[in-house]
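Student: Pasting a structure here, questions to come.
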Amino acid sequence: MSASVAVYRNIYTEDCFKQAYGSDEKTSGSLRLWEKLAGRCRCSRGTCLHLLRERVPIFSWLPRYKLKKWILGDTIAGLTVGILHIPQGMAFALLTSVAPIFGLYTSFFPVFLYMCFGTGRHVSTGTFAVVSLMTGSVVEQLVPTPLEMNSSSSEAVEFEARRIGVASAVALLSGIIMLCMFGLQLGFLSTYLSEPIVKAFTSAAAFHVTISQLQSMLGLRLPRHTGTFSLFKTLGSVLENLPHTNMAELLISLVCLAVLVPVKEVNIRYRQRLRTPIPVEILTVIIATGVTFASSLDSVYKIEIVGHIPAGFPRPRLPALNTFPDIAGDTVAITFVGYAVSVSLAMIYADKHGYSIHPNQELLAHGVSNTLSSFFTCFPSSATLATTNILESAGGHTQLSGVFTSLVVLIVLVLIGPLFYFLPKAVLACINVTSLRQMFLQFRDLPDLWKISRIDFIVWVVTWLSVVVLNVDLGLAIGVIFSMMTIICRTQRAGCSVLGRASNTEIYRPLENHSKCYEVPGVKILTYNGPIYYGNRNFFREEMSKLLGLTPEKIRSWEKARKALEKREREATVNTVERGIANTSFSSENEFFKSEAEIQAVLIDCSSVIFVDVAGARLFTQICTECQKVGVHVYLANCNVSVLKILTSSGLMNHMNPQHIFVTVHDAVMYIQQQKEKPAENTTTVWV
């Protein structure tokens, strides 16, 4: 069933519409500013409580906690994630090039702190493979691994202390950066790491993690390579030393992979039927530790084991502050990666469960977590993909699940930790590799990405190749820069189109895509689909000149013809007055000039022009001047407030009639046609 709409109203220029429907900006703006200042400066008990609930969200959600409805799900999910944190924490500590005990510390303190300050109900924080890998590269650069060192000597203890000092310094500086970003309300910066960049980066980083773990899985004692082409250097070193493989550690790795991979696949495929996933990682750790102890594999086959894990809490300790100048650049990259992954995960599950998170508050939460944890020998933490997915699928409802997660890790720290003395490091390496399944499977997004946006597909591929070929930090920087360059190129080459009118409507569409629309006689309606600024002003000018035919040669010839016509008009006037004889050639020459300039008006639709800078505003002035030279009037329509303000401030109104700026394209077209016909009324009727 079709319907028609008739609209009968006055033609509105921007000035007329503002007079009829606008507001007094100065008064309302000053009132709003005064009200904001007064609100910020007001101090009361209610304001303090509101600020406390806003900055420490646990005081907001805990009083409203539905105990009977949520406690069972939070308990099961928290315990499940806590059990997973134990092997993963120790495994990711190897990626960070520190002792496994520090991975357990990082799985305890940040979890509890995020529970108090975070807004993501289903976010599980702790050790994350990519962040650990990036931190490990910094540690290896400043405290490289010696080829020969007695693990039981005092030299080894000092070596481990130096390493965790650097890793803690990275966590402290990362936390400080986040807190500074929170103070400046820079949570929006995470948007510069787009979804294709994050997915490509994490997928490529998974390859770095896998290659870095090969030496532990094969029982090779090799130095860790850092810097550009580190993946290929590590792979070449492993291939070169394959004859020195420890067959016992290779067998352990193969058995662990044969157990971990299929059981994890079962957990994923049947997660709807399983109340909680099978804790295959902790079971593998327990069994491997028991077998190694019973068989004395460490002494008989020289396999590398975890070694001494101290029981109890760590003493507060100041990180290596003297390393700040050396770690600053890498820490910025680690901060952005950790924050972007954390916010992305929080938003995904917030959208799924119908609540909202606050990016700036997330900055505060992760900033506090990293800053305070660094004084307890923790390395940088963030939200983790695997444990967050398990937390949500196991039935977690709120941040309270973090209490039970921390409780499990606390029991291990206080009581059970020393029992993992005989745990083979090859087992932890296998846990690292199998935890990257989700990252590797992100290749499945590429076909859909190609169909949706080929530019995003190219961004994905460039980021992935840069991270794999060069390095994690440098590859990420290249991905971000390349992504921003694609945006700049798209704004520089935004299309300029000629609009035509659909018959008997007020609808105007590009003629190139709508063959049944027609151009309004004598009026060239143009639209530009992007901002007009210093970067694309030349392209915009070229497109306008091409569509209007305003080449410098034609402008000069038309201006010369106009001057000649004006001269003949004056002569004809003199002849008519003095002799009473009319100049019969004048009208024919005037008609010839009009035929040369078929366009009497240019109408620019600014609906897609989101902003204009000084260079763009001056270009508008230049276009107006050139059009006036050939007798063509310029009109504007659909200008937003900021664009109109900049154009007005730049002096455009000195070269253009303010009454030539209209609310809609159709208002301008009706006005132009009425000026030709000189109608009595100033109204327009639109039938749809």
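Simple scheme: letters A, B, ... for chains in structure tokens order, numbers from 1 for residues in each chain, numbers from 1 for ligands in the order shown.
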Distance table requested - stretch 231-325 of chain A against stretch 457-470 of chain A, cut-off 12 Å, only C-alpha atoms: one row per qualifying residue with the closest atom pair and its distance in Å to one decimal, ordered by chain and rising residue number, as JSON lines.

Tutor:
```
{"residue": "A:Leu231", "atom": "CA", "partner": "A:Val468", "partner_atom": "CA", "distance": 7.0}
{"residue": "A:Phe232", "atom": "CA", "partner": "A:Val469", "partner_atom": "CA", "distance": 7.7}
{"residue": "A:Lys233", "atom": "CA", "partner": "A:Val469", "partner_atom": "CA", "distance": 10.6}
```

Student: Determine, counting only C-alpha atoms, which protein, DNA and RNA residues have an atom within 10 Å of an atom of A:Ile286; residues of the same chain fewer than 5 positions away are not included. Present the result as a list in words.

Tutor: Pro87, Val280, Glu281, Val291, Leu419, Phe420, Phe422 and Leu423 of chain A

Student: Keeping N, CA and C atoms, export the residues of the selection given above as a PDB file, in the first residue's frame.

Tutor:
```
ATOM      1  N   PRO A  87      47.816 -23.178  36.211  1.00  0.00           N
ATOM      2  CA  PRO A  87      48.784 -23.569  35.176  1.00  0.00           C
ATOM      3  C   PRO A  87      49.085 -22.452  34.185  1.00  0.00           C
ATOM      4  N   VAL A 280      41.427 -29.671  32.304  1.00  0.00           N
ATOM      5  CA  VAL A 280      42.481 -30.542  31.784  1.00  0.00           C
ATOM      6  C   VAL A 280      43.866 -29.971  32.067  1.00  0.00           C
ATOM      7  N   GLU A 281      44.004 -28.638  32.122  1.00  0.00           N
ATOM      8  CA  GLU A 281      45.335 -28.059  32.355  1.00  0.00           C
ATOM      9  C   GLU A 281      45.860 -28.405  33.743  1.00  0.00           C
ATOM     10  N   VAL A 291      54.459 -37.790  37.981  1.00  0.00           N
ATOM     11  CA  VAL A 291      55.268 -38.729  37.195  1.00  0.00           C
ATOM     12  C   VAL A 291      56.747 -38.332  37.241  1.00  0.00           C
ATOM     13  N   LEU A 419      54.620 -27.830  46.082  1.00  0.00           N
ATOM     14  CA  LEU A 419      54.450 -29.183  45.548  1.00  0.00           C
ATOM     15  C   LEU A 419      54.694 -29.255  44.043  1.00  0.00           C
ATOM     16  N   PHE A 420      54.714 -28.089  43.370  1.00  0.00           N
ATOM     17  CA  PHE A 420      54.940 -28.074  41.920  1.00  0.00           C
ATOM     18  C   PHE A 420      56.431 -27.984  41.579  1.00  0.00           C
ATOM     19  N   PHE A 422      58.602 -30.247  40.897  1.00  0.00           N
ATOM     20  CA  PHE A 422      59.030 -31.162  39.836  1.00  0.00           C
ATOM     21  C   PHE A 422      58.212 -31.013  38.551  1.00  0.00           C
ATOM     22  N   LEU A 423      57.461 -29.934  38.431  1.00  0.00           N
ATOM     23  CA  LEU A 423      56.671 -29.736  37.212  1.00  0.00           C
ATOM     24  C   LEU A 423      57.592 -29.427  36.032  1.00  0.00           C
TER      25      LEU A 423
END
```

Student: I'd like to know which of A:Cys116, A:Leu94, A:Val130, A:Ile11 is closest to A:Ala205, using only C-alpha atoms.

Tutor: A:Val130

Student: With only C-alpha atoms as the basis for distance, which of A:Ala167, A:Leu436, A:Val634, A:Leu476 is at the shortest distance from A:Leu526?

Tutor: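 Checking each candidate against A:Leu526, we get A:Val634 as the closest.
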
Student: Quick one: residues within 7 Å of A:Asn246, only C-alpha atoms counted, chain neighbours fewer than 5 positions away excluded, as a ChimeraX atom specification?

Tutor: /A:218-220

Student: Could you name the residues that touch A:Glu265 at 12 Å or less, counting only C-alpha atoms, but leaving out those on the same chain fewer than 4 positions away, as number ranges by chain?

Tutor: A: 257-261, 269-271, 277-278, 280, 434-435, 437-438

Student: Write the residues you've just listed into a file as an mmCIF file, in the first residue's frame, and include N, CA, C and O atoms for each of them.

Tutor:
```cif
data_model
loop_
_atom_site.group_PDB
_atom_site.id
_atom_site.type_symbol
_atom_site.label_atom_id
_atom_site.label_comp_id
_atom_site.auth_asym_id
_atom_site.auth_seq_id
_atom_site.Cartn_x
_atom_site.Cartn_y
_atom_site.Cartn_z
ATOM 1 N N LEU A 257 50.311 -32.576 24.480
ATOM 2 C CA LEU A 257 49.518 -32.063 23.363
ATOM 3 C C LEU A 257 48.422 -33.045 22.979
ATOM 4 O O LEU A 257 47.293 -32.635 22.649
ATOM 5 N N ALA A 258 48.738 -34.345 23.023
ATOM 6 C CA ALA A 258 47.744 -35.355 22.678
ATOM 7 C C ALA A 258 46.582 -35.375 23.664
ATOM 8 O O ALA A 258 45.465 -35.781 23.319
ATOM 9 N N VAL A 259 46.836 -34.928 24.889
ATOM 10 C CA VAL A 259 45.773 -34.861 25.899
ATOM 11 C C VAL A 259 45.063 -33.510 25.861
ATOM 12 O O VAL A 259 43.825 -33.433 25.853
ATOM 13 N N LEU A 260 45.824 -32.429 25.832
ATOM 14 C CA LEU A 260 45.260 -31.084 25.942
ATOM 15 C C LEU A 260 44.383 -30.717 24.746
ATOM 16 O O LEU A 260 43.275 -30.183 24.921
ATOM 17 N N VAL A 261 44.851 -30.992 23.536
ATOM 18 C CA VAL A 261 44.133 -30.548 22.333
ATOM 19 C C VAL A 261 42.744 -31.174 22.229
ATOM 20 O O VAL A 261 41.740 -30.453 22.093
ATOM 21 N N ARG A 269 33.207 -27.724 22.146
ATOM 22 C CA ARG A 269 32.073 -28.230 21.373
ATOM 23 C C ARG A 269 30.869 -28.559 22.255
ATOM 24 O O ARG A 269 29.731 -28.446 21.806
ATOM 25 N N TYR A 270 31.133 -28.982 23.469
ATOM 26 C CA TYR A 270 30.034 -29.407 24.343
ATOM 27 C C TYR A 270 29.890 -28.502 25.570
ATOM 28 O O TYR A 270 29.453 -28.947 26.629
ATOM 29 N N ARG A 271 30.251 -27.227 25.409
ATOM 30 C CA ARG A 271 30.188 -26.328 26.559
ATOM 31 C C ARG A 271 28.755 -26.042 26.998
ATOM 32 O O ARG A 271 28.521 -25.662 28.140
ATOM 33 N N PRO A 277 33.726 -26.645 32.377
ATOM 34 C CA PRO A 277 34.673 -27.322 31.482
ATOM 35 C C PRO A 277 35.601 -28.249 32.250
ATOM 36 O O PRO A 277 35.876 -28.049 33.429
ATOM 37 N N ILE A 278 36.061 -29.268 31.576
ATOM 38 C CA ILE A 278 37.000 -30.214 32.191
ATOM 39 C C ILE A 278 38.318 -29.484 32.465
ATOM 40 O O ILE A 278 38.929 -28.932 31.542
ATOM 41 N N VAL A 280 41.427 -29.671 32.304
ATOM 42 C CA VAL A 280 42.481 -30.542 31.784
ATOM 43 C C VAL A 280 43.866 -29.971 32.067
ATOM 44 O O VAL A 280 44.823 -30.739 32.285
ATOM 45 N N THR A 434 48.540 -24.445 23.527
ATOM 46 C CA THR A 434 47.141 -24.856 23.362
ATOM 47 C C THR A 434 46.158 -23.773 23.812
ATOM 48 O O THR A 434 44.991 -23.816 23.436
ATOM 49 N N SER A 435 46.628 -22.816 24.601
ATOM 50 C CA SER A 435 45.734 -21.728 25.020
ATOM 51 C C SER A 435 45.511 -20.702 23.918
ATOM 52 O O SER A 435 44.683 -19.799 24.069
ATOM 53 N N ARG A 437 44.354 -21.268 20.892
ATOM 54 C CA ARG A 437 43.435 -21.776 19.863
ATOM 55 C C ARG A 437 42.559 -20.668 19.293
ATOM 56 O O ARG A 437 42.408 -20.534 18.071
ATOM 57 N N GLN A 438 41.949 -19.861 20.170
ATOM 58 C CA GLN A 438 41.045 -18.804 19.704
ATOM 59 C C GLN A 438 41.769 -17.802 18.810
ATOM 60 O O GLN A 438 41.194 -17.304 17.842
#
```

Student: Give me, as a list in words, all polymer residues having an atom no more than 8 Å from A:Val403, counting only C-alpha atoms and skipping those fewer than 2 positions away in the same chain.

Tutor: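 Counting only C-alpha atoms, the residues come to Gly78, Phe112, Met115, Leu400, Ser401, Thr405, Ser406 and Leu407 of chain A.
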
Student: Since we have the selection now, will you write its residues out, keeping N, CA, C and O atoms, as a PDB file, in the first residue's frame?

Tutor:
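Just written: again_20.pdb:
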```
ATOM      1  N   GLY A  78      33.938 -18.751  39.270  1.00  0.00           N
ATOM      2  CA  GLY A  78      35.165 -18.272  39.904  1.00  0.00           C
ATOM      3  C   GLY A  78      36.133 -19.393  40.223  1.00  0.00           C
ATOM      4  O   GLY A  78      37.347 -19.268  39.988  1.00  0.00           O
ATOM      5  N   PHE A 112      41.768  -9.437  42.180  1.00  0.00           N
ATOM      6  CA  PHE A 112      41.042  -8.847  43.306  1.00  0.00           C
ATOM      7  C   PHE A 112      40.834  -7.348  43.113  1.00  0.00           C
ATOM      8  O   PHE A 112      39.766  -6.803  43.405  1.00  0.00           O
ATOM      9  N   MET A 115      38.156  -6.539  40.528  1.00  0.00           N
ATOM     10  CA  MET A 115      36.825  -6.777  41.072  1.00  0.00           C
ATOM     11  C   MET A 115      36.284  -5.525  41.764  1.00  0.00           C
ATOM     12  O   MET A 115      35.089  -5.227  41.704  1.00  0.00           O
ATOM     13  N   LEU A 400      31.868 -10.570  41.437  1.00  0.00           N
ATOM     14  CA  LEU A 400      32.107 -11.314  42.679  1.00  0.00           C
ATOM     15  C   LEU A 400      32.802 -12.647  42.420  1.00  0.00           C
ATOM     16  O   LEU A 400      33.438 -13.198  43.324  1.00  0.00           O
ATOM     17  N   SER A 401      32.716 -13.157  41.203  1.00  0.00           N
ATOM     18  CA  SER A 401      33.418 -14.400  40.867  1.00  0.00           C
ATOM     19  C   SER A 401      34.921 -14.244  41.080  1.00  0.00           C
ATOM     20  O   SER A 401      35.628 -15.233  41.320  1.00  0.00           O
ATOM     21  N   THR A 405      37.973 -16.843  42.447  1.00  0.00           N
ATOM     22  CA  THR A 405      39.182 -17.046  41.657  1.00  0.00           C
ATOM     23  C   THR A 405      40.423 -16.742  42.501  1.00  0.00           C
ATOM     24  O   THR A 405      41.384 -17.523  42.531  1.00  0.00           O
ATOM     25  N   SER A 406      40.396 -15.613  43.187  1.00  0.00           N
ATOM     26  CA  SER A 406      41.527 -15.237  44.044  1.00  0.00           C
ATOM     27  C   SER A 406      41.722 -16.234  45.177  1.00  0.00           C
ATOM     28  O   SER A 406      42.862 -16.514  45.581  1.00  0.00           O
ATOM     29  N   LEU A 407      40.621 -16.786  45.689  1.00  0.00           N
ATOM     30  CA  LEU A 407      40.713 -17.746  46.792  1.00  0.00           C
ATOM     31  C   LEU A 407      41.453 -19.007  46.366  1.00  0.00           C
ATOM     32  O   LEU A 407      42.295 -19.535  47.115  1.00  0.00           O
TER      33      LEU A 407
END
```

Student: To one decimal place, how far is atom CA of A:Val332 from atom CA of A:Met178 in Å?

Tutor: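 Atom CA of A:Met178 lies 9.6 Å from atom CA of A:Val332.
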
Student: Can you pull out every residue from stretch 435-511 of chain A that DSSP, working from the backbone, puts in alpha helix (DSSP H), and format the result as a PyMOL selection string?

Tutor: chain A and resi 437-440+446-452+454-469+472-492

Student: Could you pull the residues within 10 Å of stretch 607-616 of chain A, counting only C-alpha atoms, minus those fewer than 3 positions along the same chain, as a PDB file with N, CA, C and O atoms, in the first residue's frame?

Tutor:
```pdb
ATOM      1  N   THR A 527      27.460  17.431  -4.547  1.00  0.00           N
ATOM      2  CA  THR A 527      27.640  16.978  -3.164  1.00  0.00           C
ATOM      3  C   THR A 527      29.014  16.339  -3.029  1.00  0.00           C
ATOM      4  O   THR A 527      29.500  15.692  -3.963  1.00  0.00           O
ATOM      5  N   TYR A 528      29.647  16.553  -1.881  1.00  0.00           N
ATOM      6  CA  TYR A 528      30.971  15.989  -1.605  1.00  0.00           C
ATOM      7  C   TYR A 528      30.870  15.132  -0.356  1.00  0.00           C
ATOM      8  O   TYR A 528      30.430  15.592   0.702  1.00  0.00           O
ATOM      9  N   ASN A 529      31.290  13.872  -0.458  1.00  0.00           N
ATOM     10  CA  ASN A 529      31.073  12.903   0.618  1.00  0.00           C
ATOM     11  C   ASN A 529      32.268  12.806   1.559  1.00  0.00           C
ATOM     12  O   ASN A 529      32.869  11.747   1.732  1.00  0.00           O
ATOM     13  N   GLY A 530      32.606  13.915   2.164  1.00  0.00           N
ATOM     14  CA  GLY A 530      33.716  13.899   3.108  1.00  0.00           C
ATOM     15  C   GLY A 530      34.030  15.293   3.594  1.00  0.00           C
ATOM     16  O   GLY A 530      33.469  16.285   3.114  1.00  0.00           O
ATOM     17  N   PRO A 531      34.932  15.395   4.570  1.00  0.00           N
ATOM     18  CA  PRO A 531      35.351  16.720   5.053  1.00  0.00           C
ATOM     19  C   PRO A 531      36.158  17.450   3.985  1.00  0.00           C
ATOM     20  O   PRO A 531      36.718  16.832   3.079  1.00  0.00           O
ATOM     21  N   ILE A 532      36.228  18.760   4.111  1.00  0.00           N
ATOM     22  CA  ILE A 532      37.035  19.571   3.195  1.00  0.00           C
ATOM     23  C   ILE A 532      38.101  20.259   4.044  1.00  0.00           C
ATOM     24  O   ILE A 532      37.785  21.150   4.836  1.00  0.00           O
ATOM     25  N   TYR A 533      39.342  19.816   3.899  1.00  0.00           N
ATOM     26  CA  TYR A 533      40.430  20.325   4.723  1.00  0.00           C
ATOM     27  C   TYR A 533      41.692  20.413   3.870  1.00  0.00           C
ATOM     28  O   TYR A 533      41.658  20.143   2.656  1.00  0.00           O
ATOM     29  N   TYR A 534      42.782  20.811   4.506  1.00  0.00           N
ATOM     30  CA  TYR A 534      44.010  21.065   3.758  1.00  0.00           C
ATOM     31  C   TYR A 534      44.495  19.845   2.986  1.00  0.00           C
ATOM     32  O   TYR A 534      45.157  19.967   1.951  1.00  0.00           O
ATOM     33  N   GLY A 535      44.155  18.635   3.467  1.00  0.00           N
ATOM     34  CA  GLY A 535      44.641  17.418   2.821  1.00  0.00           C
ATOM     35  C   GLY A 535      43.945  17.088   1.521  1.00  0.00           C
ATOM     36  O   GLY A 535      44.519  16.395   0.673  1.00  0.00           O
ATOM     37  N   ASN A 536      42.710  17.535   1.344  1.00  0.00           N
ATOM     38  CA  ASN A 536      41.976  17.172   0.127  1.00  0.00           C
ATOM     39  C   ASN A 536      41.418  18.375  -0.627  1.00  0.00           C
ATOM     40  O   ASN A 536      40.605  18.213  -1.534  1.00  0.00           O
ATOM     41  N   ARG A 537      41.818  19.586  -0.237  1.00  0.00           N
ATOM     42  CA  ARG A 537      41.252  20.777  -0.879  1.00  0.00           C
ATOM     43  C   ARG A 537      41.569  20.815  -2.373  1.00  0.00           C
ATOM     44  O   ARG A 537      40.723  21.211  -3.177  1.00  0.00           O
ATOM     45  N   ASN A 538      42.771  20.369  -2.765  1.00  0.00           N
ATOM     46  CA  ASN A 538      43.117  20.385  -4.187  1.00  0.00           C
ATOM     47  C   ASN A 538      42.282  19.385  -4.976  1.00  0.00           C
ATOM     48  O   ASN A 538      41.846  19.669  -6.097  1.00  0.00           O
ATOM     49  N   PHE A 540      39.272  18.359  -4.122  1.00  0.00           N
ATOM     50  CA  PHE A 540      37.913  18.904  -4.167  1.00  0.00           C
ATOM     51  C   PHE A 540      37.809  19.983  -5.246  1.00  0.00           C
ATOM     52  O   PHE A 540      36.835  20.033  -6.006  1.00  0.00           O
ATOM     53  N   ARG A 541      38.823  20.815  -5.331  1.00  0.00           N
ATOM     54  CA  ARG A 541      38.815  21.879  -6.341  1.00  0.00           C
ATOM     55  C   ARG A 541      38.837  21.290  -7.755  1.00  0.00           C
ATOM     56  O   ARG A 541      38.120  21.747  -8.653  1.00  0.00           O
ATOM     57  N   ILE A 604      25.696  23.654  -3.692  1.00  0.00           N
ATOM     58  CA  ILE A 604      26.563  22.666  -3.035  1.00  0.00           C
ATOM     59  C   ILE A 604      25.835  22.094  -1.831  1.00  0.00           C
ATOM     60  O   ILE A 604      25.496  22.822  -0.886  1.00  0.00           O
ATOM     61  N   LEU A 619      38.873  27.918   0.268  1.00  0.00           N
ATOM     62  CA  LEU A 619      38.549  27.351  -1.037  1.00  0.00           C
ATOM     63  C   LEU A 619      37.111  27.684  -1.429  1.00  0.00           C
ATOM     64  O   LEU A 619      36.830  27.970  -2.597  1.00  0.00           O
ATOM     65  N   PHE A 620      36.184  27.644  -0.479  1.00  0.00           N
ATOM     66  CA  PHE A 620      34.802  28.044  -0.753  1.00  0.00           C
ATOM     67  C   PHE A 620      34.762  29.489  -1.253  1.00  0.00           C
ATOM     68  O   PHE A 620      34.048  29.810  -2.210  1.00  0.00           O
ATOM     69  N   THR A 621      35.511  30.354  -0.593  1.00  0.00           N
ATOM     70  CA  THR A 621      35.564  31.758  -1.010  1.00  0.00           C
ATOM     71  C   THR A 621      36.104  31.884  -2.425  1.00  0.00           C
ATOM     72  O   THR A 621      35.577  32.646  -3.253  1.00  0.00           O
ATOM     73  N   GLN A 622      37.140  31.111  -2.731  1.00  0.00           N
ATOM     74  CA  GLN A 622      37.742  31.156  -4.061  1.00  0.00           C
ATOM     75  C   GLN A 622      36.757  30.669  -5.122  1.00  0.00           C
ATOM     76  O   GLN A 622      36.662  31.253  -6.212  1.00  0.00           O
ATOM     77  N   LEU A 636      24.401  27.292  -0.947  1.00  0.00           N
ATOM     78  CA  LEU A 636      24.764  26.196  -0.046  1.00  0.00           C
ATOM     79  C   LEU A 636      23.507  25.653   0.621  1.00  0.00           C
ATOM     80  O   LEU A 636      22.544  26.390   0.834  1.00  0.00           O
ATOM     81  N   ALA A 637      23.548  24.372   0.965  1.00  0.00           N
ATOM     82  CA  ALA A 637      22.404  23.752   1.648  1.00  0.00           C
ATOM     83  C   ALA A 637      22.904  22.663   2.594  1.00  0.00           C
ATOM     84  O   ALA A 637      23.969  22.074   2.383  1.00  0.00           O
ATOM     85  N   ASN A 638      22.129  22.417   3.638  1.00  0.00           N
ATOM     86  CA  ASN A 638      22.395  21.330   4.595  1.00  0.00           C
ATOM     87  C   ASN A 638      23.733  21.482   5.319  1.00  0.00           C
ATOM     88  O   ASN A 638      24.415  20.498   5.613  1.00  0.00           O
ATOM     89  N   CYS A 639      24.116  22.710   5.626  1.00  0.00           N
ATOM     90  CA  CYS A 639      25.367  22.927   6.377  1.00  0.00           C
ATOM     91  C   CYS A 639      25.122  22.664   7.860  1.00  0.00           C
ATOM     92  O   CYS A 639      24.149  23.169   8.436  1.00  0.00           O
ATOM     93  N   ASN A 640      26.018  21.879   8.482  1.00  0.00           N
ATOM     94  CA  ASN A 640      25.881  21.727   9.927  1.00  0.00           C
ATOM     95  C   ASN A 640      26.411  22.974  10.637  1.00  0.00           C
ATOM     96  O   ASN A 640      27.027  23.844  10.024  1.00  0.00           O
ATOM     97  N   VAL A 641      26.192  23.046  11.932  1.00  0.00           N
ATOM     98  CA  VAL A 641      26.486  24.270  12.686  1.00  0.00           C
ATOM     99  C   VAL A 641      27.966  24.617  12.639  1.00  0.00           C
ATOM    100  O   VAL A 641      28.347  25.771  12.410  1.00  0.00           O
ATOM    101  N   SER A 642      28.832  23.623  12.835  1.00  0.00           N
ATOM    102  CA  SER A 642      30.268  23.909  12.875  1.00  0.00           C
ATOM    103  C   SER A 642      30.787  24.353  11.513  1.00  0.00           C
ATOM    104  O   SER A 642      31.611  25.274  11.424  1.00  0.00           O
ATOM    105  N   VAL A 643      30.316  23.702  10.444  1.00  0.00           N
ATOM    106  CA  VAL A 643      30.740  24.097   9.098  1.00  0.00           C
ATOM    107  C   VAL A 643      30.285  25.519   8.796  1.00  0.00           C
ATOM    108  O   VAL A 643      31.059  26.346   8.294  1.00  0.00           O
ATOM    109  N   LEU A 644      29.028  25.827   9.127  1.00  0.00           N
ATOM    110  CA  LEU A 644      28.495  27.162   8.852  1.00  0.00           C
ATOM    111  C   LEU A 644      29.243  28.228   9.656  1.00  0.00           C
ATOM    112  O   LEU A 644      29.519  29.324   9.155  1.00  0.00           O
ATOM    113  N   LYS A 645      29.603  27.892  10.881  1.00  0.00           N
ATOM    114  CA  LYS A 645      30.323  28.840  11.730  1.00  0.00           C
ATOM    115  C   LYS A 645      31.700  29.163  11.158  1.00  0.00           C
ATOM    116  O   LYS A 645      32.119  30.330  11.107  1.00  0.00           O
ATOM    117  N   ILE A 646      32.419  28.125  10.696  1.00  0.00           N
ATOM    118  CA  ILE A 646      33.754  28.339  10.140  1.00  0.00           C
ATOM    119  C   ILE A 646      33.677  29.116   8.831  1.00  0.00           C
ATOM    120  O   ILE A 646      34.474  30.028   8.577  1.00  0.00           O
ATOM    121  N   LEU A 647      32.705  28.778   7.988  1.00  0.00           N
ATOM    122  CA  LEU A 647      32.556  29.496   6.718  1.00  0.00           C
ATOM    123  C   LEU A 647      32.231  30.973   6.961  1.00  0.00           C
ATOM    124  O   LEU A 647      32.758  31.859   6.275  1.00  0.00           O
ATOM    125  N   SER A 649      32.934  32.740   9.735  1.00  0.00           N
ATOM    126  CA  SER A 649      34.077  33.405  10.368  1.00  0.00           C
ATOM    127  C   SER A 649      35.205  33.669   9.380  1.00  0.00           C
ATOM    128  O   SER A 649      35.998  34.594   9.575  1.00  0.00           O
ATOM    129  N   SER A 650      35.300  32.868   8.328  1.00  0.00           N
ATOM    130  CA  SER A 650      36.383  33.029   7.358  1.00  0.00           C
ATOM    131  C   SER A 650      36.135  34.158   6.374  1.00  0.00           C
ATOM    132  O   SER A 650      36.999  34.455   5.546  1.00  0.00           O
ATOM    133  N   THR A 664      17.578  23.045   3.255  1.00  0.00           N
ATOM    134  CA  THR A 664      17.604  21.812   2.467  1.00  0.00           C
ATOM    135  C   THR A 664      17.919  22.140   1.018  1.00  0.00           C
ATOM    136  O   THR A 664      17.830  23.297   0.581  1.00  0.00           O
ATOM    137  N   VAL A 665      18.272  21.106   0.256  1.00  0.00           N
ATOM    138  CA  VAL A 665      18.527  21.274  -1.174  1.00  0.00           C
ATOM    139  C   VAL A 665      17.269  21.729  -1.888  1.00  0.00           C
ATOM    140  O   VAL A 665      17.308  22.603  -2.769  1.00  0.00           O
TER     141      VAL A 665
END
```

Student: Quick one, how far is atom CA of A:Ala200 from atom CA of A:Asp448?

Tutor: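 Pair atom CA of A:Ala200 / atom CA of A:Asp448 returns 14.2 Å.
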